Every structure is written in structure tokens, then in C-alpha cells.
$ cat final07.tsv   # TSV, C-alpha atoms
chain	number	residue	atom	x	y	z
A	175	MET	CA	-14.79	-14.21	8.28
A	176	ARG	CA	-14.71	-15.13	11.98
A	177	THR	CA	-16.19	-13.69	15.14
A	178	HIS	CA	-13.96	-13.69	18.22
A	179	SER	CA	-15.96	-16.50	19.81
A	180	CYS	CA	-15.74	-18.67	16.65
A	181	TRP	CA	-12.01	-18.10	16.48
A	182	LYS	CA	-11.56	-19.10	20.11
A	183	GLU	CA	-13.60	-22.25	19.52
A	184	GLU	CA	-11.46	-23.17	16.49
A	185	LEU	CA	-8.29	-22.75	18.53
A	186	ARG	CA	-9.75	-24.86	21.35
A	187	ARG	CA	-10.64	-27.68	18.94
A	188	ASP	CA	-7.10	-27.63	17.53
A	189	ASN	CA	-5.56	-27.61	21.05
A	190	LEU	CA	-4.04	-24.17	20.43
A	191	GLU	CA	-3.84	-21.31	22.90
A	192	LEU	CA	-5.31	-17.87	22.33
A	193	HIS	CA	-2.53	-15.39	21.50
A	194	LEU	CA	-0.99	-13.89	24.65
A	195	LEU	CA	-2.03	-10.35	23.69
A	196	PHE	CA	-5.71	-11.32	23.66
A	197	ARG	CA	-5.36	-12.95	27.07
A	198	LEU	CA	-3.64	-10.01	28.74
A	199	VAL	CA	-5.28	-6.92	27.25
A	200	VAL	CA	-8.72	-6.40	28.77
A	201	GLY	CA	-11.41	-5.94	26.10
A	202	LEU	CA	-9.18	-6.82	23.14
A	203	SER	CA	-10.98	-9.05	20.64
A	204	LEU	CA	-10.69	-10.02	17.00
A	205	ALA	CA	-13.10	-7.19	16.17
A	206	CYS	CA	-10.38	-4.74	17.28
A	207	VAL	CA	-7.92	-6.01	14.65
A	208	ALA	CA	-8.05	-4.05	11.40
A	209	ILE	CA	-6.35	-4.16	8.00
A	210	ASP	CA	-3.88	-1.30	7.70
A	211	VAL	CA	-3.78	0.92	4.58
A	212	LEU	CA	-0.04	1.59	4.97
A	213	HIS	CA	1.00	-2.06	4.68
A	214	CYS	CA	-1.91	-3.42	2.61
A	215	VAL	CA	-2.28	-0.66	0.00
A	216	ASP	CA	0.52	1.96	0.10
A	217	ALA	CA	3.33	-0.59	0.47
A	218	GLY	CA	1.32	-3.40	-1.11
A	219	VAL	CA	-1.32	-3.20	-3.84
A	220	GLY	CA	-0.57	0.46	-4.63
A	221	ALA	CA	3.19	-0.13	-4.89
A	222	HIS	CA	2.56	-2.98	-7.34
A	223	ILE	CA	0.15	-0.96	-9.50
A	224	VAL	CA	2.34	2.17	-9.70
A	225	GLY	CA	5.48	0.07	-10.19
A	226	ASN	CA	3.96	-1.90	-13.05
A	227	ILE	CA	2.76	1.27	-14.78
A	228	MET	CA	6.29	2.69	-14.56
A	229	MET	CA	7.90	-0.53	-15.80
A	230	LEU	CA	5.53	-0.75	-18.77
A	231	CYS	CA	6.50	2.80	-19.81
A	232	ILE	CA	10.18	1.82	-19.58
A	233	LYS	CA	9.75	-1.44	-21.50
A	234	ARG	CA	7.73	0.20	-24.25
A	235	ASN	CA	10.43	2.84	-24.77
A	236	VAL	CA	7.92	5.71	-24.57
A	237	TRP	CA	10.74	8.26	-24.11
A	238	GLY	CA	12.85	6.80	-26.91
A	239	GLY	CA	15.82	6.24	-24.62
A	240	GLY	CA	16.84	3.06	-26.39
A	241	THR	CA	17.76	1.12	-23.25
A	242	MET	CA	15.78	0.35	-20.11
A	243	ASP	CA	18.32	2.17	-17.93
A	244	ARG	CA	18.11	5.33	-20.04
A	245	ASN	CA	14.30	5.17	-20.04
A	246	ALA	CA	14.39	4.83	-16.23
A	247	GLU	CA	16.43	8.06	-16.14
A	248	CYS	CA	13.83	9.73	-18.37
A	249	LEU	CA	11.10	8.49	-16.02
A	250	ASP	CA	12.89	9.99	-13.03
A	251	GLU	CA	13.28	13.31	-14.88
A	252	GLU	CA	9.57	13.30	-15.70
A	253	LEU	CA	8.75	12.72	-12.02
A	254	THR	CA	10.86	15.76	-11.10
A	255	ARG	CA	9.01	17.88	-13.69
A	256	TRP	CA	5.68	16.60	-12.37
A	257	HIS	CA	6.53	17.71	-8.83
A	258	SER	CA	7.63	21.10	-10.15
A	259	LYS	CA	4.42	21.53	-12.15
A	260	ASN	CA	2.27	20.59	-9.14
A	261	LYS	CA	4.41	22.61	-6.70
A	262	SER	CA	4.84	19.53	-4.51
A	263	LYS	CA	7.85	18.22	-2.63
A	264	ARG	CA	9.49	15.05	-3.90
A	265	THR	CA	8.87	12.37	-1.26
A	266	LEU	CA	10.43	9.43	-3.11
A	267	GLN	CA	14.02	9.29	-1.88
A	268	GLY	CA	16.69	8.53	-4.47
A	269	LYS	CA	16.34	8.10	-8.21
A	270	ILE	CA	14.06	5.66	-10.01
A	271	THR	CA	16.06	2.82	-11.56
A	272	VAL	CA	15.15	-0.48	-13.19
A	273	ALA	CA	16.45	-2.30	-10.09
A	274	ARG	CA	14.21	-0.17	-7.88
A	275	LEU	CA	11.19	-1.38	-9.81
A	276	ARG	CA	11.90	-5.03	-9.03
A	277	SER	CA	11.29	-6.81	-5.73
A	278	THR	CA	13.64	-9.43	-4.32
A	279	SER	CA	11.56	-12.11	-6.08
A	280	GLY	CA	12.07	-10.35	-9.42
A	281	TYR	CA	8.47	-9.19	-9.77
A	282	THR	CA	7.72	-5.58	-10.64
A	283	LYS	CA	7.03	-3.35	-7.66
A	284	LEU	CA	8.02	0.22	-6.77
A	285	LYS	CA	10.33	0.13	-3.76
A	286	GLY	CA	10.07	3.18	-1.53
A	287	LYS	CA	8.46	4.50	1.61
A	288	ALA	CA	4.74	3.76	1.74
A	289	SER	CA	3.73	7.43	2.00
A	290	ALA	CA	5.90	8.32	-1.02
A	291	VAL	CA	4.25	5.61	-3.13
A	292	ARG	CA	0.80	6.87	-2.13
A	293	HIS	CA	1.71	10.47	-2.97
A	294	ILE	CA	2.93	9.66	-6.51
A	295	SER	CA	-0.03	7.48	-7.47
A	296	GLU	CA	-1.40	10.59	-9.23
A	297	PHE	CA	1.86	10.71	-11.22
A	298	GLY	CA	1.25	7.10	-12.20
A	299	LEU	CA	-2.19	8.14	-13.46
A	300	GLU	CA	-0.62	10.89	-15.59
A	301	LEU	CA	1.90	8.43	-17.05
A	302	ASP	CA	-0.91	6.05	-17.92
A	303	GLN	CA	-3.00	8.73	-19.62
A	304	LYS	CA	-0.02	9.93	-21.67
A	305	TYR	CA	1.65	6.69	-22.69
A	306	LEU	CA	-0.52	3.61	-22.04
A	307	THR	CA	-3.96	4.49	-23.39
A	308	HIS	CA	-3.84	1.47	-25.76
A	309	ASP	CA	-5.11	-0.71	-22.88
A	310	LYS	CA	-8.11	0.80	-21.10
A	311	ARG	CA	-7.59	-1.55	-18.15
A	312	LEU	CA	-4.27	0.11	-17.30
A	313	VAL	CA	-5.87	3.54	-17.23
A	314	ALA	CA	-8.83	2.19	-15.26
A	315	ILE	CA	-6.84	0.46	-12.51
A	316	ILE	CA	-4.67	3.47	-11.63
A	317	THR	CA	-7.70	5.79	-11.94
A	318	LEU	CA	-9.58	3.65	-9.43
A	319	LEU	CA	-6.58	3.56	-7.04
A	320	CYS	CA	-6.37	7.38	-7.12
A	321	ARG	CA	-10.13	7.61	-6.54
A	322	PHE	CA	-9.79	5.31	-3.52
A	323	TYR	CA	-7.08	7.58	-2.07
A	324	ARG	CA	-9.10	10.74	-2.79
A	325	ILE	CA	-12.16	9.39	-0.96
A	326	LEU	CA	-10.02	8.59	2.09
A	327	ALA	CA	-8.31	12.00	2.00
A	328	SER	CA	-11.56	13.94	1.67
A	329	GLY	CA	-13.42	12.06	4.41
A	330	GLY	CA	-13.50	12.63	8.14
A	331	LEU	CA	-13.39	10.06	10.93
A	332	HIS	CA	-16.63	8.47	9.73
A	333	MET	CA	-17.19	7.60	6.07
A	334	SER	CA	-20.20	9.16	4.38
A	335	ALA	CA	-23.03	6.97	3.10
A	336	ASP	CA	-21.86	7.56	-0.48
A	337	ALA	CA	-18.27	6.64	0.41
A	338	LYS	CA	-19.38	3.40	2.08
A	339	LYS	CA	-21.18	2.49	-1.15
A	340	SER	CA	-18.37	3.60	-3.49
A	341	ILE	CA	-15.37	2.05	-1.72
A	342	PRO	CA	-16.50	-1.61	-2.13
A	343	LYS	CA	-17.24	-1.07	-5.84
A	344	ILE	CA	-13.89	0.64	-6.46
A	345	GLY	CA	-11.93	-2.03	-4.58
A	346	ASN	CA	-13.75	-4.88	-6.29
A	347	GLN	CA	-13.02	-3.41	-9.73
A	348	ILE	CA	-9.34	-2.93	-8.85
A	349	CYS	CA	-9.04	-6.57	-7.80
A	350	LYS	CA	-10.79	-7.85	-10.94
A	351	LEU	CA	-8.60	-5.77	-13.25
A	352	TYR	CA	-5.45	-6.72	-11.34
A	353	HIS	CA	-6.36	-10.40	-11.57
A	354	GLN	CA	-6.82	-10.16	-15.36
A	355	LEU	CA	-3.45	-8.44	-15.80
A	356	ALA	CA	-1.75	-10.92	-13.45
A	357	ARG	CA	-3.17	-13.93	-15.30
A	358	GLU	CA	-2.09	-12.56	-18.69
A	359	SER	CA	1.42	-11.81	-17.38
A	360	ALA	CA	1.68	-15.35	-16.00
A	361	ASP	CA	0.59	-16.77	-19.38
A	362	ARG	CA	3.40	-14.77	-21.01
A	363	CYS	CA	5.85	-15.89	-18.28
A	364	GLU	CA	6.43	-12.23	-17.32
A	365	LYS	CA	7.19	-11.29	-13.72
A	366	MET	CA	4.66	-8.48	-13.61
A	367	TRP	CA	1.37	-7.87	-11.78
A	368	LYS	CA	2.15	-10.35	-9.02
A	369	ALA	CA	-1.03	-11.48	-7.24
A	370	THR	CA	-0.06	-11.33	-3.57
A	371	VAL	CA	-2.01	-12.05	-0.40
A	372	LYS	CA	-2.31	-8.27	0.10
A	373	LEU	CA	-4.72	-8.17	-2.82
A	374	HIS	CA	-6.99	-10.53	-0.86
A	375	LEU	CA	-6.61	-8.37	2.26
A	376	PHE	CA	-7.45	-5.28	0.20
A	377	LEU	CA	-10.71	-6.91	-0.89
A	378	HIS	CA	-11.63	-7.52	2.78
A	379	LEU	CA	-10.69	-3.92	3.59
A	380	VAL	CA	-13.04	-2.43	1.00
A	381	GLU	CA	-15.88	-4.97	1.06
A	382	ASP	CA	-16.08	-5.78	4.78
A	383	GLN	CA	-14.07	-3.47	6.98
A	384	VAL	CA	-15.06	-0.05	5.63
A	385	PRO	CA	-18.82	-0.70	5.20
A	386	ASN	CA	-19.18	-2.57	8.52
A	387	SER	CA	-17.13	-0.26	10.74
A	388	GLY	CA	-18.05	2.96	8.95
A	389	LEU	CA	-14.66	4.38	9.90
A	390	ASN	CA	-12.21	6.05	7.56
A	391	PRO	CA	-9.14	3.74	7.29
A	392	GLN	CA	-6.97	6.86	7.60
A	393	SER	CA	-8.15	7.17	11.20
A	394	TYR	CA	-6.43	3.92	12.22
A	395	TRP	CA	-3.59	3.46	9.75
A	396	THR	CA	-0.18	2.91	11.35
A	397	TYR	CA	1.83	5.92	10.14
A	398	GLY	CA	1.86	7.36	13.66
A	399	ASP	CA	3.09	4.05	15.08
A	400	GLU	CA	5.88	3.85	12.47
A	401	ASP	CA	6.99	7.39	13.40
A	402	LEU	CA	6.98	6.42	17.08
A	403	VAL	CA	9.22	3.41	16.35
A	404	GLY	CA	11.75	5.75	14.71
A	405	THR	CA	11.61	8.12	17.68
A	406	MET	CA	12.10	5.29	20.16
A	407	ILE	CA	15.10	3.93	18.24
A	408	GLU	CA	16.81	7.32	18.41
A	409	THR	CA	15.94	7.67	22.10
A	410	SER	CA	17.08	4.13	22.99
A	411	GLU	CA	20.49	4.58	21.38
A	412	SER	CA	21.42	6.97	24.19
A	413	CYS	CA	20.34	4.56	26.98
A	414	HIS	CA	22.33	1.93	28.84
A	415	PRO	CA	21.24	-1.62	27.86
A	416	ARG	CA	20.60	-2.66	31.48
A	417	THR	CA	18.08	0.14	32.06
A	418	LEU	CA	16.97	0.62	28.47
A	419	ALA	CA	13.20	0.14	28.89
A	420	PRO	CA	12.50	2.52	31.83
A	421	THR	CA	15.10	5.10	30.71
A	422	ALA	CA	13.84	5.22	27.11
A	423	LEU	CA	10.26	5.54	28.32
A	424	SER	CA	11.25	8.36	30.68
A	425	LYS	CA	13.22	10.24	28.01
A	426	TRP	CA	10.42	9.84	25.49
A	427	GLY	CA	7.92	11.17	28.05
A	428	LEU	CA	10.03	14.29	28.54
A	429	GLN	CA	9.89	14.98	24.79
A	430	LEU	CA	6.09	15.10	24.75
$ encode --input "final07.tsv" --output "C-alpha cells"
Amino acid sequence: MRTHSCWKEELRRDNLELHLLFRLVVGLSLACVAIDVLHCVDAGVGAHIVGNIMMLCIKRNVWGGGTMDRNAECLDEELTRWHSKNKSKRTLQGKITVARLRSTSGYTKLKGKASAVRHISEFGLELDQKYLTHDKRLVAIITLLCRFYRILASGGLHMSADAKKSIPKIGNQICKLYHQLARESADRCEKMWKATVKLHLFLHLVEDQVPNSGLNPQSYWTYGDEDLVGTMIETSESCHPRTLAPTALSKWGLQL
């Protein structure tokens, strides 16, 4: 962990310049930089946990489909029934397939929009409780992930004293369980439970960032920024390249 002054000193010793953004934006320091739940958890640790739970159900033939592709179809049908039972809208676009549960590196991960992955983590918990109770760690890790999300959803701008105590414990347990599952998968030469750098970032999020700042990570996650990028792309497509920047800014301002 570095303070802004320590970081600057390290860069100076290595004959490296401070990033342009920190030189131009008045008041911007390393303390202003935060780990984002969207990229770190929803599209990172959470996507790996939910994806692995789904893949285990498929591999273990819990629906009796006979083939992995048929079991993936059964999984997708169960997700549809889950949404119907909970009177919720399906946010995961497209059907769940075996290919969708594998990243480009071949490791298991649910591919989808970050918000969709977060929303169906509760579905992952239900799958676990129905089909994977033989390993208490599998039930525990998805239960803890859902608890993490519930604390964030129920909190305001500032985390309560109880939340600031609970979040580090929950995150630490998730990382320990994930590490055990990742090590065992590696020993079996299975491409599951990949230990990525986002797991390390997640640990900093729960053990350092939340307790020290006291702020709810939902208050500074980047969903609003991602939406703005989409809006600006649509706006910019109608602008001439030579005057794109001022015209897009003007058109966007008129939409507000």
C-alpha cells in the first residue's frame, strides 16, 4: 500500500514521470483512485464464482441431460423458471451455453454484462443449494458473495459500523475458499477456479478500501460512466469527424 508521496518518490528514484492525469488535474492524488465493483467483482470474481457453479452443475449431469450441451440447455431453462418464480426480468442476454461459460483462455467464467452477472448471483446460490451440497465450500463461497452484494444494496452512501466489520471478514473468507478450490483444480489439471489478479484487488477492496474510506462501493462504481460511454458513442456517430469533440459535447448537453 502506497501513499501519494511515497509513490511519487518511487517514480522519481526510477526516473519515471508522474502520470499526466495527476499532473494536470488539481487535487487528484492516489487516494482518489478506488477499486471498482463493476470490473473487480461483477465482471471479475463474481463472474468466475457464478460461472464455476454453473459449469459444475453441467459437468455433474444434475439434470440428466446426458451431454454437456443438453445440460446447458436445462440450465438456461432453469434460469428462466427462476426469473418467473421471482417475478424478475431476465438481464442475461442470450442463452447459456457451454462456450459462454469459458473465457478465451479456456478457464470457466460466465460471460455477460457485469450487472446481469451480479443480478443472477442469487440464482447461483439456489443452484448450489439444490445440486452441489456435497461440498460445503461451494455453498459457502456463493453464499458469501450474495451476502456481500446484499450489504452493498442495503447500505447508503456511508457504510454502517457493522458493515465495515462484516465486509472484510466476508471478503477474506471468499478469497480463502477460492484459493483452495483453485489449487485443487490446478492439481487436477482442470481449467476451473482461475486465480486472477482481480482476486487480489478484491481483497484490497474489502480489507482496506471499505473500512478506511467508510464509503459504500456502490456510490463510486462505474456503471454511470459505462452508460455515458454508450450515450456518447451514439451521439458521436451523427457528428462530422473534424468537429466531433465540440459537436458531440454540445449535442450531449442538449439531451440533459
$ residues_around --input "final07.tsv" --residues "A:Val211" --least-positions-apart "3" --cutoff "7 Å" --atoms "all atoms listed in the file" --output "PyMOL selection string"
chain A and resi 214-216+391+395
$ write_last_selection --input "final07.tsv" --atoms "C-alpha atoms" --output "PDB file, keeping the file's coordinate frame"
ATOM      1  CA  CYS A 214      -1.910  -3.420   2.610  1.00  0.00           C
ATOM      2  CA  VAL A 215      -2.280  -0.660   0.000  1.00  0.00           C
ATOM      3  CA  ASP A 216       0.520   1.960   0.100  1.00  0.00           C
ATOM      4  CA  PRO A 391      -9.140   3.740   7.290  1.00  0.00           C
ATOM      5  CA  TRP A 395      -3.590   3.460   9.750  1.00  0.00           C
TER       6      TRP A 395
END
$ closest_residue --input "final07.tsv" --among "A:Asp382, A:Ala369, A:Gln392, A:Leu351" --to "A:Ile325" --atoms "all atoms listed in the file"
A:Gln392
$ atom_distance --input "final07.tsv" --atom1 "atom CA of A:Leu379" --atom2 "atom CA of A:Gly330"
17.4 Å
$ atom_distance --input "final07.tsv" --atom1 "atom CA of A:Cys349" --atom2 "atom CA of A:Leu312"
12.6 Å
$ atom_distance --input "final07.tsv" --atom1 "atom CA of A:Val371" --atom2 "atom CA of A:Arg324"
24.0 Å
$ residues_around --input "final07.tsv" --residues "A:Tyr352" --least-positions-apart "2" --cutoff "12 Å" --atoms "all atoms listed in the file" --output "number ranges by chain"
A: 219-220, 222-224, 226-227, 311-316, 318-319, 345-350, 354-359, 366-370, 372-374, 376-377
$ closest_residue --input "final07.tsv" --among "A:Lys425, A:Lys304, A:Lys287, A:Lys343" --to "A:Glu252" --atoms "only C-alpha atoms"
A:Lys304
$ closest_residue --input "final07.tsv" --among "A:Leu194, A:Cys206, A:Ala327, A:Val291" --to "A:Thr177" --atoms "all atoms listed in the file"
A:Cys206
$ decode --input "final07.tsv" --residues "stretch 343-372 of chain A" --atoms "N, CA, C and O atoms" --output "PDB file, in the first residue's frame"
ATOM      1  N   LYS A 343     -14.363  -9.514   6.702  1.00  0.00           N
ATOM      2  CA  LYS A 343     -14.453 -10.933   7.045  1.00  0.00           C
ATOM      3  C   LYS A 343     -15.023 -11.742   5.879  1.00  0.00           C
ATOM      4  O   LYS A 343     -14.513 -12.812   5.541  1.00  0.00           O
ATOM      5  N   ILE A 344     -16.092 -11.225   5.281  1.00  0.00           N
ATOM      6  CA  ILE A 344     -16.729 -11.907   4.147  1.00  0.00           C
ATOM      7  C   ILE A 344     -15.748 -12.031   2.983  1.00  0.00           C
ATOM      8  O   ILE A 344     -15.575 -13.108   2.409  1.00  0.00           O
ATOM      9  N   GLY A 345     -15.092 -10.924   2.641  1.00  0.00           N
ATOM     10  CA  GLY A 345     -14.155 -10.931   1.521  1.00  0.00           C
ATOM     11  C   GLY A 345     -12.972 -11.845   1.754  1.00  0.00           C
ATOM     12  O   GLY A 345     -12.537 -12.555   0.843  1.00  0.00           O
ATOM     13  N   ASN A 346     -12.456 -11.847   2.989  1.00  0.00           N
ATOM     14  CA  ASN A 346     -11.324 -12.698   3.316  1.00  0.00           C
ATOM     15  C   ASN A 346     -11.692 -14.169   3.183  1.00  0.00           C
ATOM     16  O   ASN A 346     -10.919 -14.983   2.649  1.00  0.00           O
ATOM     17  N   GLN A 347     -12.889 -14.530   3.639  1.00  0.00           N
ATOM     18  CA  GLN A 347     -13.350 -15.917   3.543  1.00  0.00           C
ATOM     19  C   GLN A 347     -13.541 -16.333   2.083  1.00  0.00           C
ATOM     20  O   GLN A 347     -13.206 -17.456   1.703  1.00  0.00           O
ATOM     21  N   ILE A 348     -14.082 -15.426   1.270  1.00  0.00           N
ATOM     22  CA  ILE A 348     -14.266 -15.716  -0.159  1.00  0.00           C
ATOM     23  C   ILE A 348     -12.920 -16.026  -0.805  1.00  0.00           C
ATOM     24  O   ILE A 348     -12.776 -17.001  -1.542  1.00  0.00           O
ATOM     25  N   CYS A 349     -11.928 -15.192  -0.521  1.00  0.00           N
ATOM     26  CA  CYS A 349     -10.601 -15.377  -1.117  1.00  0.00           C
ATOM     27  C   CYS A 349      -9.946 -16.679  -0.657  1.00  0.00           C
ATOM     28  O   CYS A 349      -9.304 -17.371  -1.463  1.00  0.00           O
ATOM     29  N   LYS A 350     -10.102 -17.028   0.608  1.00  0.00           N
ATOM     30  CA  LYS A 350      -9.519 -18.281   1.120  1.00  0.00           C
ATOM     31  C   LYS A 350     -10.171 -19.488   0.460  1.00  0.00           C
ATOM     32  O   LYS A 350      -9.486 -20.429   0.035  1.00  0.00           O
ATOM     33  N   LEU A 351     -11.498 -19.481   0.367  1.00  0.00           N
ATOM     34  CA  LEU A 351     -12.214 -20.596  -0.252  1.00  0.00           C
ATOM     35  C   LEU A 351     -11.862 -20.706  -1.734  1.00  0.00           C
ATOM     36  O   LEU A 351     -11.635 -21.801  -2.256  1.00  0.00           O
ATOM     37  N   TYR A 352     -11.821 -19.550  -2.403  1.00  0.00           N
ATOM     38  CA  TYR A 352     -11.495 -19.535  -3.829  1.00  0.00           C
ATOM     39  C   TYR A 352     -10.095 -20.108  -4.054  1.00  0.00           C
ATOM     40  O   TYR A 352      -9.865 -20.893  -4.984  1.00  0.00           O
ATOM     41  N   HIS A 353      -9.159 -19.717  -3.206  1.00  0.00           N
ATOM     42  CA  HIS A 353      -7.784 -20.196  -3.338  1.00  0.00           C
ATOM     43  C   HIS A 353      -7.712 -21.723  -3.181  1.00  0.00           C
ATOM     44  O   HIS A 353      -6.998 -22.396  -3.938  1.00  0.00           O
ATOM     45  N   GLN A 354      -8.453 -22.263  -2.224  1.00  0.00           N
ATOM     46  CA  GLN A 354      -8.483 -23.720  -2.033  1.00  0.00           C
ATOM     47  C   GLN A 354      -9.011 -24.418  -3.277  1.00  0.00           C
ATOM     48  O   GLN A 354      -8.437 -25.404  -3.750  1.00  0.00           O
ATOM     49  N   LEU A 355     -10.125 -23.918  -3.808  1.00  0.00           N
ATOM     50  CA  LEU A 355     -10.740 -24.523  -4.995  1.00  0.00           C
ATOM     51  C   LEU A 355      -9.835 -24.387  -6.216  1.00  0.00           C
ATOM     52  O   LEU A 355      -9.740 -25.302  -7.036  1.00  0.00           O
ATOM     53  N   ALA A 356      -9.161 -23.236  -6.323  1.00  0.00           N
ATOM     54  CA  ALA A 356      -8.247 -23.010  -7.455  1.00  0.00           C
ATOM     55  C   ALA A 356      -7.052 -23.964  -7.390  1.00  0.00           C
ATOM     56  O   ALA A 356      -6.640 -24.518  -8.414  1.00  0.00           O
ATOM     57  N   ARG A 357      -6.506 -24.149  -6.206  1.00  0.00           N
ATOM     58  CA  ARG A 357      -5.343 -25.028  -6.034  1.00  0.00           C
ATOM     59  C   ARG A 357      -5.706 -26.480  -6.367  1.00  0.00           C
ATOM     60  O   ARG A 357      -4.945 -27.182  -7.041  1.00  0.00           O
ATOM     61  N   GLU A 358      -6.879 -26.913  -5.898  1.00  0.00           N
ATOM     62  CA  GLU A 358      -7.319 -28.282  -6.172  1.00  0.00           C
ATOM     63  C   GLU A 358      -7.589 -28.496  -7.658  1.00  0.00           C
ATOM     64  O   GLU A 358      -7.275 -29.556  -8.209  1.00  0.00           O
ATOM     65  N   SER A 359      -8.161 -27.493  -8.321  1.00  0.00           N
ATOM     66  CA  SER A 359      -8.405 -27.585  -9.768  1.00  0.00           C
ATOM     67  C   SER A 359      -7.091 -27.660 -10.523  1.00  0.00           C
ATOM     68  O   SER A 359      -6.961 -28.425 -11.487  1.00  0.00           O
ATOM     69  N   ALA A 360      -6.111 -26.880 -10.093  1.00  0.00           N
ATOM     70  CA  ALA A 360      -4.793 -26.902 -10.744  1.00  0.00           C
ATOM     71  C   ALA A 360      -4.129 -28.265 -10.567  1.00  0.00           C
ATOM     72  O   ALA A 360      -3.509 -28.794 -11.498  1.00  0.00           O
ATOM     73  N   ASP A 361      -4.280 -28.864  -9.372  1.00  0.00           N
ATOM     74  CA  ASP A 361      -3.709 -30.196  -9.117  1.00  0.00           C
ATOM     75  C   ASP A 361      -4.339 -31.258 -10.021  1.00  0.00           C
ATOM     76  O   ASP A 361      -3.681 -32.230 -10.397  1.00  0.00           O
ATOM     77  N   ARG A 362      -5.624 -31.038 -10.358  1.00  0.00           N
ATOM     78  CA  ARG A 362      -6.327 -31.985 -11.240  1.00  0.00           C
ATOM     79  C   ARG A 362      -6.173 -31.618 -12.714  1.00  0.00           C
ATOM     80  O   ARG A 362      -6.753 -32.270 -13.580  1.00  0.00           O
ATOM     81  N   CYS A 363      -5.416 -30.526 -12.974  1.00  0.00           N
ATOM     82  CA  CYS A 363      -5.221 -30.021 -14.347  1.00  0.00           C
ATOM     83  C   CYS A 363      -6.544 -29.630 -14.984  1.00  0.00           C
ATOM     84  O   CYS A 363      -6.753 -29.807 -16.204  1.00  0.00           O
ATOM     85  N   GLU A 364      -7.465 -29.089 -14.186  1.00  0.00           N
ATOM     86  CA  GLU A 364      -8.754 -28.594 -14.679  1.00  0.00           C
ATOM     87  C   GLU A 364      -8.692 -27.085 -14.821  1.00  0.00           C
ATOM     88  O   GLU A 364      -8.155 -26.397 -13.952  1.00  0.00           O
ATOM     89  N   LYS A 365      -9.265 -26.564 -15.888  1.00  0.00           N
ATOM     90  CA  LYS A 365      -9.291 -25.110 -16.088  1.00  0.00           C
ATOM     91  C   LYS A 365     -10.539 -24.518 -15.432  1.00  0.00           C
ATOM     92  O   LYS A 365     -11.446 -24.023 -16.098  1.00  0.00           O
ATOM     93  N   MET A 366     -10.533 -24.585 -14.105  1.00  0.00           N
ATOM     94  CA  MET A 366     -11.638 -24.029 -13.327  1.00  0.00           C
ATOM     95  C   MET A 366     -11.061 -23.249 -12.155  1.00  0.00           C
ATOM     96  O   MET A 366      -9.932 -23.462 -11.743  1.00  0.00           O
ATOM     97  N   TRP A 367     -11.862 -22.308 -11.633  1.00  0.00           N
ATOM     98  CA  TRP A 367     -11.478 -21.506 -10.474  1.00  0.00           C
ATOM     99  C   TRP A 367     -10.129 -20.808 -10.698  1.00  0.00           C
ATOM    100  O   TRP A 367      -9.208 -20.908  -9.902  1.00  0.00           O
ATOM    101  N   LYS A 368     -10.024 -20.111 -11.808  1.00  0.00           N
ATOM    102  CA  LYS A 368      -8.782 -19.413 -12.132  1.00  0.00           C
ATOM    103  C   LYS A 368      -8.508 -18.294 -11.124  1.00  0.00           C
ATOM    104  O   LYS A 368      -9.357 -17.419 -10.907  1.00  0.00           O
ATOM    105  N   ALA A 369      -7.330 -18.304 -10.536  1.00  0.00           N
ATOM    106  CA  ALA A 369      -6.940 -17.262  -9.587  1.00  0.00           C
ATOM    107  C   ALA A 369      -6.360 -16.078 -10.358  1.00  0.00           C
ATOM    108  O   ALA A 369      -5.217 -16.119 -10.802  1.00  0.00           O
ATOM    109  N   THR A 370      -7.142 -15.052 -10.544  1.00  0.00           N
ATOM    110  CA  THR A 370      -6.723 -13.883 -11.311  1.00  0.00           C
ATOM    111  C   THR A 370      -6.296 -12.746 -10.391  1.00  0.00           C
ATOM    112  O   THR A 370      -6.512 -12.787  -9.181  1.00  0.00           O
ATOM    113  N   VAL A 371      -5.718 -11.723 -10.977  1.00  0.00           N
ATOM    114  CA  VAL A 371      -5.283 -10.549 -10.208  1.00  0.00           C
ATOM    115  C   VAL A 371      -6.478  -9.837  -9.569  1.00  0.00           C
ATOM    116  O   VAL A 371      -6.335  -9.159  -8.550  1.00  0.00           O
ATOM    117  N   LYS A 372      -7.675 -10.026 -10.141  1.00  0.00           N
ATOM    118  CA  LYS A 372      -8.861  -9.370  -9.577  1.00  0.00           C
ATOM    119  C   LYS A 372      -9.200  -9.920  -8.194  1.00  0.00           C
ATOM    120  O   LYS A 372      -9.826  -9.230  -7.389  1.00  0.00           O
TER     121      LYS A 372
END
